[in-house]
Each structure stands twice: as C-alpha cells, then as structure tokens.
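What follows is a set of notes on a single structure, which appears directly below.
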Amino acid sequence: MEKARKLADILERVRGGEDPAKIRQQAKQLLATLRLSDISKAHKYLVGTGMSLDQLRTLVYAFASILGDQFALLRANLSADHPIRRVLAEHEMFECFLADLEIANIMIQDTDELTELSSEFRRLQHITEHLQAIDIHDQREDDLIFPVLENYPCRSICVVLSKAHWRIKNMVGNLTMAVNNFRQFDPIQFKIQINALSSAIVPIMREHIFQEDNILYPVAIDCVKDDRVWWRIKQLSDEMGYCGFDAQPCCS
Ligand SMILES: [Fe+2]
Ligand SMILES: [Fe+2]
C-alpha cells in the first residue's frame with residue numbers, strides 16, 4: 001500500500017498543475033518499479049480518502065501523463081483473438097461515430113431550412129442509430145467483463161466506469177428521442193437540443209473510452225493472468241457478436 005500511497009501523492013501533484021515531465025523525472029525510481037496493478041491500488045486508496053468520482057475521473061489523465069501511452073502497449077501485446085481486442089475495436093468504431101456526430105451537429109446548426117428530408121437531418125439520424133450500439137457494448141462490459149474484474153484489484157475502477165455507462169445511456173437515449181420526435185420540435189429548439197446533447201455526449205464518451213483504453217484494460221491484463229478467465233469471457237462475448245457491426249446485432 002505504501003507504493004500506492006506514493007503514487008496517489010504523485011497523481012495529486014499532477015492534478016494540482018505540476019509539470020508531469022518534471023515529476024516523472026523526480027519519481028523515476030518509483031515509476032520504474034511500478035506495476036499496472038499498483039494503479040488500481042492507488043485508485044482504491046484515493047476513493048478511501050473521500051475523493052469524489054468526478055475528481056477521480058480527472059486523475060485518469062494524470063495516470064496517462066506519467067505512465068505514457070498504455071493503449072499502444074496494450075494493443076501491441078494482445079493476441080488477435082483476445083476478447084479485449086474486440087472491446088478496443090468497438091471503442092475505435094465509436095470514436096468514428098463521435099467524430100461523425102460532431103460534424104452532423106455542425107451541419108444541422110448551419111442549415112437554414114431543416115426538414116426530415118434534409119440531408120443534414122438524415123445524416124444525424126443515421127449516426128444516432130449507430131451510436132445506440134453503445135448500449136450493447138456497455139452491456140458486454142457491465143455483464144461479462146466488469147463482474148470478473150471485480151475479483152481482482154480493478155474493482156474501484158470498474159465501479160467508476162460502470163456509473164458512467166448510465167450517464168452515457170441516458171444521453172444517447174435523449175439524442176435518439178429528440179431525433180425520433182423531430183416533428184414535435186420547433187426547428188430552432190431542435191437545433192439547440194441537438195447542440196446541447198452532442199456537446200455533452202462527444203467529450204464524455206471520448207473520456208470514457210480513453211479511461212478504459214489507457215487504464216482499465218491495461219490494468220486488467222496485468223492483473224488477470226489466468227487465460228481460462230479470458231477464454232470464458234471470450235465464449236460469452238462471442239454470443240453477443242460485434243455490436244454496431246452485426247446485421248442482426250447482439251442479444252436481439
Ligand atoms: Fe465502458
Ligand atoms: Fe468500453
């Protein structure tokens with residue numbers, strides 16, 4: 001726990017605005033002996049100190065700034081058939097959807113005459129349909145992956161990320177509702193609503209994906225060494241298919 005506490009102190013300093021490069025230099029010895037599982041212990045320690053979930057979220061960037069690009073390392077070391085590779089692939093697909101949502105929103109805001117037949121509206125409608133696949137992706141994490149990881153020192157990270165799933169589900173649900181009920185909106189109100197939802201969804205989902213790619217899954221791979229655990233997750237995951245890709249997606 002001593003190492004975790006020291007790491008927690010370092011993270012607090014990064015969050016307080018100190019230069020990560022300088023801190024990395026000073027904490028060289030500690031960082032050289034660090035295992036990824038120490039991150040989850042530091043996370044747990046900070047939860048114990050009463051740090052709010054919002055504050056914890058901002059710390060993830062501090063983790064990344066002192067540890068470097070964990071995502072690249074993770075991707076380079078996973079076998080082609082590892083179940084986490086599928087999760088990462090879906091994350092990349094959602095990154096594309098988010099970029100499309102950003103563009104669709106700009107186009108909607110710039111349109112003078114918005115109707116259900118406008119190409120701008122149809123583009124938004126299309127990307128919203130894709131984004132709904134996030135429910136299945138989150139379900140894979142909540143039902144198959146996080147319960148397994150809870151038995152390892154990743155528990156507190158899973159709790160934080162699982163809460164974010166609800167937030168994302170609600171926001172994407174509101175976006176879907178707005179698009180499906182276009183006729184009930186005054187066009188100006190519709191634009192305001194879409195702008196507010198897109199501006200919330202895009203950064204929150206990006207941040208969530210960043211946390212999973214750079215913290216949760218690198219830590220999980222470091223903690224769970226028993227291949228049978230991953231094989232079991234893979235088996236169950238195969239039954240769900242690829243969300244957003246399958247013609248007849250997952251669990252329907
Ligand atoms: Fe997630
Ligand atoms: Fe995810």
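Residue numbers start at 1 in each chain; chains themselves are named A, B, ... in the order of the structure tokens; ligands are numbered from 1 in the order shown.
Pocket residues of ligand 2, taken as those with any atom at most 8 Å away using only C-alpha atoms and all ligand atoms, are Val87, Leu88, Glu90, His91, His137, Asp138, Glu141, His208, Ile209, Glu212 and Asp213 of chain A.
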Item to check | Polymer residues at most 12 Å from region 193-207 of chain A, only C-alpha atoms, same-chain spacing of 6 or more positions, as a VMD selection string | outcome: chain A and resid 54 57 to 61 91 to 110 121 124 to 125 127 to 128 131 134 138 161 164 to 182 185 to 187 213 to 215
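Of the residues listed (A:Asp112, A:Ser156, A:Ile84, A:Leu144), A:Ser156 shows the shortest atom-to-atom separation from Leu46 (chain A); distances use only C-alpha atoms.
Comparing the minimum interatomic distances between ligand 1 and each of A:Ile233, A:Leu73, A:Val148, A:Ile136, counting only C-alpha atoms and all ligand atoms, we find that A:Ile136 sits nearest.
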Checklist outcome for this item: ligand 1 proximity check over A:Glu113, A:Asp143, A:Asp227, A:Glu239, using only C-alpha atoms and all ligand atoms: winner is A:Asp143
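Nearest-residue note for Phe210 (chain A): choosing from A:Leu78, A:Ile145, A:Leu117, A:Ala72, the minimum distance belongs to A:Ala72, counting only C-alpha atoms.
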Next on the checklist: I need the residues of region 97-144 of chain A that end up classed as helix (DSSP H, G or I) by DSSP on the backbone, written out as a VMD selection string.
Outcome noted: chain A and resid 97 to 110 119 to 131 134 to 144
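Distance check against Val159 (chain A) using only C-alpha atoms: of A:Asp238, A:Asp38, A:Gln139, A:Leu216, the minimum falls on A:Leu216.
Among the candidates A:Arg85, A:Pro153, A:Ser79, A:Glu2, the one nearest to Asp222 (chain A) when counting only C-alpha atoms is A:Pro153.
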